$ cat query17.cif   # mmCIF, C-alpha atoms
data_final
loop_
_atom_site.label_atom_id
_atom_site.label_comp_id
_atom_site.auth_asym_id
_atom_site.auth_seq_id
_atom_site.Cartn_x
_atom_site.Cartn_y
_atom_site.Cartn_z
CA MET A 1282 -16.99 29.93 -2.06
CA ARG A 1283 -18.06 30.85 -5.58
CA LEU A 1284 -17.73 27.21 -6.64
CA SER A 1285 -20.06 26.00 -3.87
CA VAL A 1286 -22.71 28.48 -4.93
CA LEU A 1287 -22.38 27.39 -8.57
CA ILE A 1288 -22.62 23.71 -7.68
CA ALA A 1289 -25.60 24.23 -5.39
CA ALA A 1290 -27.43 26.35 -7.96
CA ALA A 1291 -26.72 23.89 -10.75
CA ALA A 1292 -27.92 20.98 -8.63
CA LEU A 1293 -31.24 22.69 -8.11
CA LEU A 1294 -31.66 23.32 -11.83
CA THR A 1295 -30.57 19.89 -13.05
CA SER A 1296 -33.21 17.47 -14.26
CA THR A 1297 -32.93 13.72 -14.74
CA ALA A 1298 -30.06 12.85 -17.07
CA ALA A 1299 -30.79 11.34 -20.43
CA ALA A 1300 -28.67 9.81 -23.16
CA ALA A 1301 -26.98 12.03 -25.73
CA SER A 1302 -29.00 13.18 -28.71
CA ALA A 1303 -28.77 11.36 -32.03
CA ASP A 1304 -25.89 13.64 -33.06
CA GLY A 1305 -24.01 12.88 -29.84
CA GLU A 1306 -24.64 16.18 -28.08
CA TYR A 1307 -25.88 16.57 -24.51
CA ARG A 1308 -26.23 19.23 -21.85
CA ILE A 1309 -23.53 19.46 -19.20
CA THR A 1310 -24.70 20.81 -15.85
CA GLY A 1311 -23.26 21.46 -12.43
CA ALA A 1312 -19.52 21.50 -11.81
CA GLY A 1313 -18.95 19.62 -15.06
CA ALA A 1314 -19.80 22.76 -17.01
CA ILE A 1315 -17.08 24.80 -15.29
CA ALA A 1316 -13.75 25.39 -17.04
CA CYS A 1317 -10.79 23.49 -15.65
CA SER A 1318 -8.97 26.79 -15.16
CA GLN A 1319 -11.73 27.90 -12.78
CA ILE A 1320 -11.78 24.56 -10.97
CA THR A 1321 -8.03 24.57 -10.35
CA ALA A 1322 -8.09 28.25 -9.29
CA ASP A 1323 -10.96 27.63 -6.86
CA ILE A 1324 -9.23 24.62 -5.29
CA ALA A 1325 -5.97 26.57 -4.99
CA SER A 1326 -7.65 29.55 -3.32
CA ASP A 1327 -10.11 27.56 -1.20
CA PRO A 1328 -9.13 23.98 -0.26
CA GLN A 1329 -12.70 23.44 0.98
CA ALA A 1330 -13.72 23.31 -2.69
CA ALA A 1331 -11.82 20.04 -3.19
CA PRO A 1332 -14.38 17.79 -1.45
CA GLN A 1333 -17.14 19.33 -3.57
CA ILE A 1334 -15.27 18.53 -6.76
CA ALA A 1335 -14.47 15.03 -5.48
CA ALA A 1336 -18.17 14.49 -4.73
CA TRP A 1337 -19.11 15.57 -8.26
CA LEU A 1338 -16.47 13.24 -9.70
CA MET A 1339 -17.76 10.33 -7.58
CA GLY A 1340 -21.25 10.85 -8.99
CA TYR A 1341 -19.91 11.16 -12.51
CA SER A 1342 -17.80 8.01 -12.24
CA THR A 1343 -20.67 6.09 -10.66
CA ALA A 1344 -22.99 7.02 -13.52
CA THR A 1345 -20.32 6.17 -16.09
CA ASN A 1346 -19.58 2.83 -14.41
CA ARG A 1347 -23.30 2.03 -14.51
CA GLN A 1348 -23.53 2.83 -18.21
CA THR A 1349 -20.37 0.96 -19.27
CA ALA A 1350 -20.78 -2.71 -20.10
CA ASP A 1351 -18.62 -5.29 -18.33
CA THR A 1352 -17.41 -2.75 -15.78
CA TRP A 1353 -17.31 -2.61 -12.00
CA ASP A 1354 -15.00 0.42 -11.79
CA LEU A 1355 -13.40 2.29 -14.68
CA MET A 1356 -10.59 3.48 -12.39
CA GLY A 1357 -9.59 -0.04 -11.46
CA GLU A 1358 -7.51 -0.46 -8.33
CA GLY A 1359 -6.76 3.26 -8.05
CA GLY A 1360 -10.35 4.10 -7.21
CA ILE A 1361 -11.66 7.59 -6.55
CA ASP A 1362 -8.37 8.92 -5.17
CA ALA A 1363 -6.52 8.09 -8.38
CA TYR A 1364 -9.44 9.45 -10.40
CA TYR A 1365 -9.46 12.77 -8.54
CA THR A 1366 -5.68 13.14 -8.90
CA ALA A 1367 -5.77 12.28 -12.62
CA VAL A 1368 -8.60 14.73 -13.31
CA GLN A 1369 -6.72 17.47 -11.45
CA ALA A 1370 -3.63 16.76 -13.56
CA ASP A 1371 -5.67 16.77 -16.78
CA CYS A 1372 -7.30 20.06 -15.78
CA ALA A 1373 -3.92 21.62 -14.98
CA ALA A 1374 -2.59 20.53 -18.39
CA ASN A 1375 -5.76 21.61 -20.24
CA PRO A 1376 -7.18 24.73 -18.57
CA ASP A 1377 -9.65 25.41 -21.39
CA LYS A 1378 -11.39 22.03 -20.97
CA MET A 1379 -14.59 21.74 -19.02
CA LEU A 1380 -14.43 19.54 -15.94
CA GLU A 1381 -16.80 17.03 -17.56
CA SER A 1382 -14.44 16.59 -20.50
CA ALA A 1383 -11.48 16.02 -18.20
CA ALA A 1384 -13.52 13.57 -16.12
CA PHE A 1385 -14.56 11.63 -19.22
CA ASP A 1386 -11.08 11.64 -20.76
CA VAL A 1387 -9.54 10.17 -17.59
CA LEU A 1388 -12.14 7.41 -17.36
CA ASN A 1389 -11.77 6.67 -21.06
CA ALA A 1390 -7.97 6.46 -20.74
CA ASN A 1391 -8.40 3.89 -17.94
CA TYR A 1392 -10.85 1.68 -19.84
CA GLU A 1393 -8.38 -1.12 -20.58
CA THR A 1394 -7.30 -1.39 -16.93
CA ARG A 1395 -10.82 -1.16 -15.45
CA THR A 1396 -12.10 -3.62 -12.86
CA LEU A 1397 -14.55 -5.95 -14.60
CA SER A 1398 -16.35 -7.42 -11.60
CA LYS A 1399 -16.85 -6.76 -7.92
CA PRO A 1400 -13.68 -7.66 -6.00
#

$ encode --input "query17.cif" --output "structure tokens"
Amino acid sequence: MRLSVLIAAAALLTSTAAAASADGEYRITGAGAIACSQITADIASDPQAAPQIAAWLMGYSTATNRQTADTWDLMGEGGIDAYYTAVQADCAANPDKMLESAAFDVLNANYETRTLSKP
């Protein structure tokens, strides 16, 4: 339940996203700013949190697909299910990471096998 309150509150406070600053820094909001250890604990204690995390990941991957040249889907044939599973595994292996970092790292690792155009 705590996760849903955090996500809802963050969504209300989030403004339009912009590119990173000149030094490569940017603000992370919403579920992306939550530590992987908290994400995995919340999903383990409340399975209803999983769809909320999946929804955040879908938005994140959509935005990243849009911003990545020559890309239809960074997750290739695996799609959102493979993405969600890979992010969960990355979070479990790296509990100190923020969800956004795990989400980015998984997409980045799949870059070479991405789908280039609409199937």

$ closest_residue --input "query17.cif" --among "A:Cys1372, A:Met1356, A:Ala1363, A:Ser1382" --to "Thr1394 of chain A" --atoms "all atoms listed in the file"
A:Met1356

$ atom_distance --input "query17.cif" --atom1 "atom CA of Leu1388 of chain A" --atom2 "atom CA of Gly1357 of chain A"
9.8 Å

$ residues_near_point --input "query17.cif" --point "(-10.5, -0.4, -14.9)" --cutoff "8 Å" --atoms "all atoms listed in the file" --output "mmCIF file with C-alpha atoms, keeping the file's coordinate frame"
data_model
loop_
_atom_site.group_PDB
_atom_site.id
_atom_site.type_symbol
_atom_site.label_atom_id
_atom_site.label_comp_id
_atom_site.auth_asym_id
_atom_site.auth_seq_id
_atom_site.Cartn_x
_atom_site.Cartn_y
_atom_site.Cartn_z
ATOM 1 C CA THR A 1352 -17.410 -2.750 -15.780
ATOM 2 C CA TRP A 1353 -17.310 -2.610 -12.000
ATOM 3 C CA ASP A 1354 -15.000 0.420 -11.790
ATOM 4 C CA LEU A 1355 -13.400 2.290 -14.680
ATOM 5 C CA MET A 1356 -10.590 3.480 -12.390
ATOM 6 C CA GLY A 1357 -9.590 -0.040 -11.460
ATOM 7 C CA GLU A 1358 -7.510 -0.460 -8.330
ATOM 8 C CA ASN A 1391 -8.400 3.890 -17.940
ATOM 9 C CA TYR A 1392 -10.850 1.680 -19.840
ATOM 10 C CA GLU A 1393 -8.380 -1.120 -20.580
ATOM 11 C CA THR A 1394 -7.300 -1.390 -16.930
ATOM 12 C CA ARG A 1395 -10.820 -1.160 -15.450
ATOM 13 C CA THR A 1396 -12.100 -3.620 -12.860
ATOM 14 C CA LEU A 1397 -14.550 -5.950 -14.600
#

$ resolve_selection --input "query17.cif" --expression "the PyMOL selection byres ((chain A and resi 1328-1338) around 12)" --output "PDB file with C-alpha atoms, in the frame of the given file"
ATOM      1  CA  MET A1282     -16.990  29.930  -2.060  1.00  0.00           C
ATOM      2  CA  ARG A1283     -18.060  30.850  -5.580  1.00  0.00           C
ATOM      3  CA  LEU A1284     -17.730  27.210  -6.640  1.00  0.00           C
ATOM      4  CA  SER A1285     -20.060  26.000  -3.870  1.00  0.00           C
ATOM      5  CA  VAL A1286     -22.710  28.480  -4.930  1.00  0.00           C
ATOM      6  CA  LEU A1287     -22.380  27.390  -8.570  1.00  0.00           C
ATOM      7  CA  ILE A1288     -22.620  23.710  -7.680  1.00  0.00           C
ATOM      8  CA  ALA A1289     -25.600  24.230  -5.390  1.00  0.00           C
ATOM      9  CA  ALA A1291     -26.720  23.890 -10.750  1.00  0.00           C
ATOM     10  CA  ALA A1292     -27.920  20.980  -8.630  1.00  0.00           C
ATOM     11  CA  THR A1310     -24.700  20.810 -15.850  1.00  0.00           C
ATOM     12  CA  GLY A1311     -23.260  21.460 -12.430  1.00  0.00           C
ATOM     13  CA  ALA A1312     -19.520  21.500 -11.810  1.00  0.00           C
ATOM     14  CA  GLY A1313     -18.950  19.620 -15.060  1.00  0.00           C
ATOM     15  CA  ALA A1314     -19.800  22.760 -17.010  1.00  0.00           C
ATOM     16  CA  ILE A1315     -17.080  24.800 -15.290  1.00  0.00           C
ATOM     17  CA  CYS A1317     -10.790  23.490 -15.650  1.00  0.00           C
ATOM     18  CA  GLN A1319     -11.730  27.900 -12.780  1.00  0.00           C
ATOM     19  CA  ILE A1320     -11.780  24.560 -10.970  1.00  0.00           C
ATOM     20  CA  THR A1321      -8.030  24.570 -10.350  1.00  0.00           C
ATOM     21  CA  ALA A1322      -8.090  28.250  -9.290  1.00  0.00           C
ATOM     22  CA  ASP A1323     -10.960  27.630  -6.860  1.00  0.00           C
ATOM     23  CA  ILE A1324      -9.230  24.620  -5.290  1.00  0.00           C
ATOM     24  CA  ALA A1325      -5.970  26.570  -4.990  1.00  0.00           C
ATOM     25  CA  SER A1326      -7.650  29.550  -3.320  1.00  0.00           C
ATOM     26  CA  ASP A1327     -10.110  27.560  -1.200  1.00  0.00           C
ATOM     27  CA  MET A1339     -17.760  10.330  -7.580  1.00  0.00           C
ATOM     28  CA  GLY A1340     -21.250  10.850  -8.990  1.00  0.00           C
ATOM     29  CA  TYR A1341     -19.910  11.160 -12.510  1.00  0.00           C
ATOM     30  CA  SER A1342     -17.800   8.010 -12.240  1.00  0.00           C
ATOM     31  CA  THR A1343     -20.670   6.090 -10.660  1.00  0.00           C
ATOM     32  CA  ALA A1344     -22.990   7.020 -13.520  1.00  0.00           C
ATOM     33  CA  THR A1345     -20.320   6.170 -16.090  1.00  0.00           C
ATOM     34  CA  ASN A1346     -19.580   2.830 -14.410  1.00  0.00           C
ATOM     35  CA  MET A1356     -10.590   3.480 -12.390  1.00  0.00           C
ATOM     36  CA  GLY A1360     -10.350   4.100  -7.210  1.00  0.00           C
ATOM     37  CA  ILE A1361     -11.660   7.590  -6.550  1.00  0.00           C
ATOM     38  CA  ASP A1362      -8.370   8.920  -5.170  1.00  0.00           C
ATOM     39  CA  ALA A1363      -6.520   8.090  -8.380  1.00  0.00           C
ATOM     40  CA  TYR A1364      -9.440   9.450 -10.400  1.00  0.00           C
ATOM     41  CA  TYR A1365      -9.460  12.770  -8.540  1.00  0.00           C
ATOM     42  CA  THR A1366      -5.680  13.140  -8.900  1.00  0.00           C
ATOM     43  CA  ALA A1367      -5.770  12.280 -12.620  1.00  0.00           C
ATOM     44  CA  VAL A1368      -8.600  14.730 -13.310  1.00  0.00           C
ATOM     45  CA  GLN A1369      -6.720  17.470 -11.450  1.00  0.00           C
ATOM     46  CA  LEU A1380     -14.430  19.540 -15.940  1.00  0.00           C
ATOM     47  CA  GLU A1381     -16.800  17.030 -17.560  1.00  0.00           C
ATOM     48  CA  SER A1382     -14.440  16.590 -20.500  1.00  0.00           C
ATOM     49  CA  ALA A1383     -11.480  16.020 -18.200  1.00  0.00           C
ATOM     50  CA  ALA A1384     -13.520  13.570 -16.120  1.00  0.00           C
ATOM     51  CA  PHE A1385     -14.560  11.630 -19.220  1.00  0.00           C
ATOM     52  CA  VAL A1387      -9.540  10.170 -17.590  1.00  0.00           C
ATOM     53  CA  LEU A1388     -12.140   7.410 -17.360  1.00  0.00           C
TER      54      LEU A1388
END

$ atom_distance --input "query17.cif" --atom1 "atom CA of Pro1400 of chain A" --atom2 "atom CA of Ala1350 of chain A"
16.5 Å

$ atom_distance --input "query17.cif" --atom1 "atom CA of Thr1349 of chain A" --atom2 "atom CA of Ala1390 of chain A"
13.6 Å

$ decode --input "query17.cif" --residues "segment 1356-1389 of chain A" --atoms "N, CA and C atoms" --output "PDB file, in the first residue's frame"
ATOM      1  N   MET A1356      13.306  -3.652 -25.973  1.00  0.00           N
ATOM      2  CA  MET A1356      13.265  -5.005 -25.425  1.00  0.00           C
ATOM      3  C   MET A1356      13.107  -6.068 -26.496  1.00  0.00           C
ATOM      4  N   GLY A1357      13.029  -5.666 -27.738  1.00  0.00           N
ATOM      5  CA  GLY A1357      12.931  -6.646 -28.820  1.00  0.00           C
ATOM      6  C   GLY A1357      11.731  -7.548 -28.671  1.00  0.00           C
ATOM      7  N   GLU A1358      11.887  -8.800 -29.018  1.00  0.00           N
ATOM      8  CA  GLU A1358      10.771  -9.744 -29.019  1.00  0.00           C
ATOM      9  C   GLU A1358      10.240 -10.046 -27.626  1.00  0.00           C
ATOM     10  N   GLY A1359      11.025  -9.841 -26.601  1.00  0.00           N
ATOM     11  CA  GLY A1359      10.590 -10.141 -25.234  1.00  0.00           C
ATOM     12  C   GLY A1359       9.505  -9.213 -24.724  1.00  0.00           C
ATOM     13  N   GLY A1360       9.502  -7.992 -25.218  1.00  0.00           N
ATOM     14  CA  GLY A1360       8.484  -7.028 -24.833  1.00  0.00           C
ATOM     15  C   GLY A1360       8.472  -6.693 -23.353  1.00  0.00           C
ATOM     16  N   ILE A1361       7.337  -6.182 -22.896  1.00  0.00           N
ATOM     17  CA  ILE A1361       7.222  -5.689 -21.528  1.00  0.00           C
ATOM     18  C   ILE A1361       7.359  -6.800 -20.490  1.00  0.00           C
ATOM     19  N   ASP A1362       6.915  -8.006 -20.809  1.00  0.00           N
ATOM     20  CA  ASP A1362       7.046  -9.092 -19.836  1.00  0.00           C
ATOM     21  C   ASP A1362       8.513  -9.402 -19.546  1.00  0.00           C
ATOM     22  N   ALA A1363       9.306  -9.485 -20.597  1.00  0.00           N
ATOM     23  CA  ALA A1363      10.743  -9.735 -20.414  1.00  0.00           C
ATOM     24  C   ALA A1363      11.405  -8.561 -19.690  1.00  0.00           C
ATOM     25  N   TYR A1364      10.958  -7.354 -20.024  1.00  0.00           N
ATOM     26  CA  TYR A1364      11.513  -6.156 -19.379  1.00  0.00           C
ATOM     27  C   TYR A1364      11.228  -6.176 -17.880  1.00  0.00           C
ATOM     28  N   TYR A1365       9.986  -6.420 -17.516  1.00  0.00           N
ATOM     29  CA  TYR A1365       9.602  -6.457 -16.106  1.00  0.00           C
ATOM     30  C   TYR A1365      10.410  -7.518 -15.356  1.00  0.00           C
ATOM     31  N   THR A1366      10.517  -8.700 -15.929  1.00  0.00           N
ATOM     32  CA  THR A1366      11.271  -9.791 -15.297  1.00  0.00           C
ATOM     33  C   THR A1366      12.743  -9.430 -15.143  1.00  0.00           C
ATOM     34  N   ALA A1367      13.331  -8.830 -16.180  1.00  0.00           N
ATOM     35  CA  ALA A1367      14.749  -8.457 -16.124  1.00  0.00           C
ATOM     36  C   ALA A1367      15.005  -7.352 -15.107  1.00  0.00           C
ATOM     37  N   VAL A1368      14.094  -6.403 -15.013  1.00  0.00           N
ATOM     38  CA  VAL A1368      14.260  -5.329 -14.019  1.00  0.00           C
ATOM     39  C   VAL A1368      14.128  -5.901 -12.610  1.00  0.00           C
ATOM     40  N   GLN A1369      13.179  -6.805 -12.405  1.00  0.00           N
ATOM     41  CA  GLN A1369      13.053  -7.451 -11.095  1.00  0.00           C
ATOM     42  C   GLN A1369      14.345  -8.178 -10.724  1.00  0.00           C
ATOM     43  N   ALA A1370      14.923  -8.901 -11.673  1.00  0.00           N
ATOM     44  CA  ALA A1370      16.167  -9.633 -11.415  1.00  0.00           C
ATOM     45  C   ALA A1370      17.311  -8.668 -11.106  1.00  0.00           C
ATOM     46  N   ASP A1371      17.387  -7.566 -11.856  1.00  0.00           N
ATOM     47  CA  ASP A1371      18.439  -6.578 -11.613  1.00  0.00           C
ATOM     48  C   ASP A1371      18.268  -5.942 -10.236  1.00  0.00           C
ATOM     49  N   CYS A1372      17.024  -5.647  -9.870  1.00  0.00           N
ATOM     50  CA  CYS A1372      16.761  -5.077  -8.545  1.00  0.00           C
ATOM     51  C   CYS A1372      17.130  -6.057  -7.433  1.00  0.00           C
ATOM     52  N   ALA A1373      16.806  -7.329  -7.627  1.00  0.00           N
ATOM     53  CA  ALA A1373      17.141  -8.330  -6.614  1.00  0.00           C
ATOM     54  C   ALA A1373      18.655  -8.453  -6.450  1.00  0.00           C
ATOM     55  N   ALA A1374      19.386  -8.335  -7.547  1.00  0.00           N
ATOM     56  CA  ALA A1374      20.845  -8.451  -7.506  1.00  0.00           C
ATOM     57  C   ALA A1374      21.521  -7.167  -7.027  1.00  0.00           C
ATOM     58  N   ASN A1375      20.811  -6.042  -7.132  1.00  0.00           N
ATOM     59  CA  ASN A1375      21.391  -4.735  -6.791  1.00  0.00           C
ATOM     60  C   ASN A1375      20.413  -3.925  -5.943  1.00  0.00           C
ATOM     61  N   PRO A1376      20.198  -4.325  -4.696  1.00  0.00           N
ATOM     62  CA  PRO A1376      19.164  -3.689  -3.873  1.00  0.00           C
ATOM     63  C   PRO A1376      19.390  -2.201  -3.595  1.00  0.00           C
ATOM     64  N   ASP A1377      20.612  -1.724  -3.724  1.00  0.00           N
ATOM     65  CA  ASP A1377      20.887  -0.315  -3.459  1.00  0.00           C
ATOM     66  C   ASP A1377      20.612   0.596  -4.655  1.00  0.00           C
ATOM     67  N   LYS A1378      20.369   0.009  -5.829  1.00  0.00           N
ATOM     68  CA  LYS A1378      20.041   0.791  -7.021  1.00  0.00           C
ATOM     69  C   LYS A1378      18.658   1.412  -6.871  1.00  0.00           C
ATOM     70  N   MET A1379      18.440   2.503  -7.565  1.00  0.00           N
ATOM     71  CA  MET A1379      17.092   3.023  -7.698  1.00  0.00           C
ATOM     72  C   MET A1379      16.426   2.292  -8.857  1.00  0.00           C
ATOM     73  N   LEU A1380      15.112   2.212  -8.834  1.00  0.00           N
ATOM     74  CA  LEU A1380      14.386   1.529  -9.895  1.00  0.00           C
ATOM     75  C   LEU A1380      14.722   2.113 -11.256  1.00  0.00           C
ATOM     76  N   GLU A1381      14.859   3.426 -11.366  1.00  0.00           N
ATOM     77  CA  GLU A1381      15.175   4.048 -12.654  1.00  0.00           C
ATOM     78  C   GLU A1381      16.498   3.539 -13.199  1.00  0.00           C
ATOM     79  N   SER A1382      17.488   3.372 -12.337  1.00  0.00           N
ATOM     80  CA  SER A1382      18.793   2.871 -12.788  1.00  0.00           C
ATOM     81  C   SER A1382      18.685   1.436 -13.290  1.00  0.00           C
ATOM     82  N   ALA A1383      17.930   0.614 -12.581  1.00  0.00           N
ATOM     83  CA  ALA A1383      17.728  -0.765 -13.030  1.00  0.00           C
ATOM     84  C   ALA A1383      16.985  -0.783 -14.359  1.00  0.00           C
ATOM     85  N   ALA A1384      15.964   0.052 -14.480  1.00  0.00           N
ATOM     86  CA  ALA A1384      15.182   0.120 -15.718  1.00  0.00           C
ATOM     87  C   ALA A1384      16.063   0.535 -16.890  1.00  0.00           C
ATOM     88  N   PHE A1385      16.900   1.531 -16.679  1.00  0.00           N
ATOM     89  CA  PHE A1385      17.802   1.993 -17.736  1.00  0.00           C
ATOM     90  C   PHE A1385      18.825   0.921 -18.082  1.00  0.00           C
ATOM     91  N   ASP A1386      19.439   0.332 -17.070  1.00  0.00           N
ATOM     92  CA  ASP A1386      20.483  -0.669 -17.311  1.00  0.00           C
ATOM     93  C   ASP A1386      19.954  -1.849 -18.133  1.00  0.00           C
ATOM     94  N   VAL A1387      18.733  -2.287 -17.854  1.00  0.00           N
ATOM     95  CA  VAL A1387      18.153  -3.400 -18.609  1.00  0.00           C
ATOM     96  C   VAL A1387      17.925  -2.990 -20.062  1.00  0.00           C
ATOM     97  N   LEU A1388      17.351  -1.811 -20.288  1.00  0.00           N
ATOM     98  CA  LEU A1388      17.147  -1.357 -21.665  1.00  0.00           C
ATOM     99  C   LEU A1388      18.472  -1.200 -22.395  1.00  0.00           C
ATOM    100  N   ASN A1389      19.455  -0.647 -21.714  1.00  0.00           N
ATOM    101  CA  ASN A1389      20.770  -0.454 -22.317  1.00  0.00           C
ATOM    102  C   ASN A1389      21.416  -1.787 -22.678  1.00  0.00           C
TER     103      ASN A1389
END
